[in-house]
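Participant: Just passing along the structure, written as structure tokens.
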Amino acid sequence: MKRSHGKQCLALLVCAFVTSGRAAPPLEPIELDHQPQFLFDNYIVDNHWAIKYKREAVSRVFHPATKHSTNPVMDADQPSYLWVVRDESDGRFRMWYQANTQVKGIDEEGRKFRTDIAYAESVDGMNWTRPDLKLFPHIQRTPNNVVVARSDRPKIEACSPCILEVPEVDRRDFKYLMLYRAKGAGSGDLNGIRIIGSHDGIHWDVASDTRLAHLHSDCPNTISFDTKTNQYVMFCRPKHIYRAFGDTMIDTGASRRIARLASDSLWTDWLADSEPQTILVPDEIDNATHFNFFYGMPTRFYAGIYWGFLEPFRMNDFIHTELVFSRDGIHFDRLPDRPKLIEYGPEGSWDDEMIFASPSWVEVGDEWWIYYTGWDGPHGTAERRGAVGLAKVRKQGFVSMRGPHGGGVVSTRQLRWPGGDLIVNADASQGLLRVRVSDEKRKPIESFDYEECEQFQGDSTAHRVTWHGRSLTELSGQVIRLEFYLQDADLYSFRADETPP
């Protein structure tokens, strides 16, 4: 198939971000906890500069995920959206995915696929098996690995699985909670975004099945628990707001936008007291490339940050995944060159037209493994085929601050150090990294200057920084700044260690 989406720029060096509405700067000093601190925006970063400032600069760098060499890792069921977790008890990789079973002809709604939520598992994350569970004999497929369906309502279809990470108090003793959408002929009172529980991830408790929102949101919907606000936040695409279905587009409107819905409770009717709020619409950069629709934005809350896997869509054509960030779940940062998280495959390959990545990355050693579905045809092509791929990125390594050859400094805002050693995720294998600790006015703190810092010239996701053997734990409770000197080095994140050396 001829590629028609134009030249795709893999933008690595990023000096500024575009936002959906600028969030207010933080109050200083920032009260740090022991979570990783990321540098993709200026929340933590107060300033940065190059030593040779007339010729060089400190830059933000985006690091796209690298595809696994044996992709696709699962070529079956025409999968759309998926969610992967690793079982803590035995190390198994477990995948719940939307399986699209092609039906003969076209049904009354013009669809060519039946959608079900199916299950697969893997010992190593690369070789996947689909167990023949036979839980729902009315669904004709081999192997029959469907795990969420209704035998009493056989025409109902399930799609868009998301395994939730929620506090124990709201788990109702279930090991797994799944968000999904019910649809199809006869769905009636079941139609919409729902939650269901399971003790083993295979047998799902119908008695727990609860509708959270009667929404037509045919995209990967997700719910995150925000530990800062103690609220649940859903990201969806509610068509009842965006489309009026008039005779012309002036009345109908455009449905492919991203909305947010919040609730203090999980197992409740989310629409009882509020309506979804639009937070992301395409902008001038999207319009210029004609990717001026958003198919969806599955999102994960990690280390106090919302990590959105936005899906820009060129109607009715190509779809890719773009990484976006937010600290409040409302204002999202987007890289100005809009690089793809995972690049399309070469023309004629299995993933050369559409890529849907899941934010359910799995930490494996020093890497994050990201699973995605790729398609060999555009959205408007019924003959397209899909499969599951794997891409890898450095742990916490989506964005770094990079110091130039002549050296540069990244200075933080005022931080109240919570105690513990300073741990950095950095690659200084081609250069070096040192850290100065200074006060509110940038006056170096005695014994914690660059000269005392034991320079780092390696590559580690967890390097412990010391100053002639002394640790930052000595400054517990004090207000400080961290000034990172980077020479041909990348700083991805830093944190205060909870574990004594």
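By order of appearance in the structure tokens: chains A, B, ..., then residues from 1 within every chain, and ligands from 1 in the order shown.
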Please identify all polymer residues within 7 Å of A:Leu215, counting only C-alpha atoms, omitting same-chain residues fewer than 4 positions from it, and present them as a list in words.

Facilitator: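 Listed by chain and then number, they are Gly192, Ile193 and Pro238 of chain A.
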
Participant: Skipping near chain neighbours, those fewer than 4 positions away, what residues fall within 8 Å of A:Pro359 using only C-alpha atoms, listed as an NGL selection string?

Facilitator: :A and (83 or 298-300 or 307-309 or 370)

Participant: For atom CA of A:Ala288 and atom CA of A:Asn221, quote the distance in Å rounded to one decimal.

Facilitator: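 Rounded to one decimal, the two atoms are 27.1 Å apart.
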
Participant: Could you work out how far atom CA of A:Pro167 lies from atom CA of A:Ser80, giving the answer in Å with one decimal?

Facilitator: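 Answer for the atom CA of A:Ser80 to atom CA of A:Pro167 separation: 28.2 Å.
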
Participant: So which residues touch A:Thr142 within 10 Å, counting only C-alpha atoms, skipping near sequence neighbours fewer than 6 positions away, as JSON, numbers by chain?

Facilitator: {"A": [77, 130, 131, 132, 133, 134]}

Participant: Here is a test: counting only C-alpha atoms, which residue of A:Asp497, A:Pro444, A:Arg86, A:Gly403 is nearest to A:Trp417?

Facilitator: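 So, comparing all the options, the nearest one is A:Asp497.
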
Participant: Applying 8 Å and only C-alpha atoms, which residues near A:Glu28 remain after dropping the ones on its own chain fewer than 6 positions away? List them as a short mmCIF file (atom, residue, chain, number, x, y, z; two decimals) with N, CA and C atoms, in the first residue's frame.

Facilitator:
```
data_model
loop_
_atom_site.label_atom_id
_atom_site.label_comp_id
_atom_site.auth_asym_id
_atom_site.auth_seq_id
_atom_site.Cartn_x
_atom_site.Cartn_y
_atom_site.Cartn_z
N ARG A 413 14.04 23.70 41.33
CA ARG A 413 13.42 24.66 42.22
C ARG A 413 13.83 24.34 43.66
N GLN A 414 13.33 25.12 44.60
CA GLN A 414 13.59 24.84 46.01
C GLN A 414 12.84 23.57 46.41
N LEU A 415 13.57 22.64 47.00
CA LEU A 415 13.02 21.35 47.39
C LEU A 415 13.25 21.12 48.88
#
```

Participant: Near A:Asp200, counting only C-alpha atoms, which residues have an atom at most 10 Å away, once you skip same-chain residues fewer than 6 positions from it, shown as an MDAnalysis selection string?

Facilitator: chainID A and resid 174:176

Participant: Which residues in stretch 243-446 of chain A does DSSP call strand (DSSP E)? List them as an NGL selection string.

Facilitator: :A and (258-263 or 277-280 or 293-294 or 299-302 or 305-310 or 312-313 or 322-326 or 332-334 or 354-357 or 362-364 or 367-375 or 386-394 or 399-403 or 408-412 or 415-416 or 422-427 or 432-438)

Participant: Find the residues near A:Asp152: any atom within 12 Å, counting only C-alpha atoms, skip ones fewer than 5 places away on the same chain, and give them as a list in words.

Facilitator: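 Answer for this query is Phe136, Pro137, His138, Gly186, Ser187, Leu190 and Val206 of chain A.
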
Participant: Selection from above, N, CA and C atoms, as a short mmCIF file (atom, residue, chain, number, x, y, z; two decimals), in the first residue's frame, can you write it?

Facilitator:
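Written out: selection18.cif:
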```
data_model
loop_
_atom_site.label_atom_id
_atom_site.label_comp_id
_atom_site.auth_asym_id
_atom_site.auth_seq_id
_atom_site.Cartn_x
_atom_site.Cartn_y
_atom_site.Cartn_z
N PHE A 136 -17.51 -19.54 27.34
CA PHE A 136 -18.72 -19.03 26.69
C PHE A 136 -18.90 -19.75 25.36
N PRO A 137 -19.57 -20.91 25.39
CA PRO A 137 -19.73 -21.72 24.17
C PRO A 137 -20.52 -21.02 23.07
N HIS A 138 -21.34 -20.02 23.43
CA HIS A 138 -22.12 -19.35 22.39
C HIS A 138 -21.25 -18.48 21.47
N GLY A 186 -29.18 -5.29 21.86
CA GLY A 186 -29.77 -5.82 23.08
C GLY A 186 -29.01 -5.49 24.34
N SER A 187 -28.01 -4.62 24.26
CA SER A 187 -27.25 -4.30 25.47
C SER A 187 -28.09 -3.49 26.45
N LEU A 190 -27.29 -2.56 30.05
CA LEU A 190 -25.88 -2.88 30.27
C LEU A 190 -24.95 -1.98 29.47
N VAL A 206 -19.96 -11.91 37.57
CA VAL A 206 -21.07 -11.17 36.97
C VAL A 206 -21.83 -10.37 38.02
#
```

Participant: Choose the residue, out of A:Ala382, A:Ala207, A:Ala391, A:Leu39, that has the smallest atom-to-atom separation from A:Tyr344; count only C-alpha atoms.

Facilitator: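 For A:Tyr344, the nearest of the given residues is A:Ala391.
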
Participant: Which residue out of A:Thr412, A:Asp170, A:Cys159, A:Met234 has the minimum interatomic distance to A:Leu271 when only C-alpha atoms are used?

Facilitator: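 Distance minimum relative to A:Leu271 lands on A:Met234.
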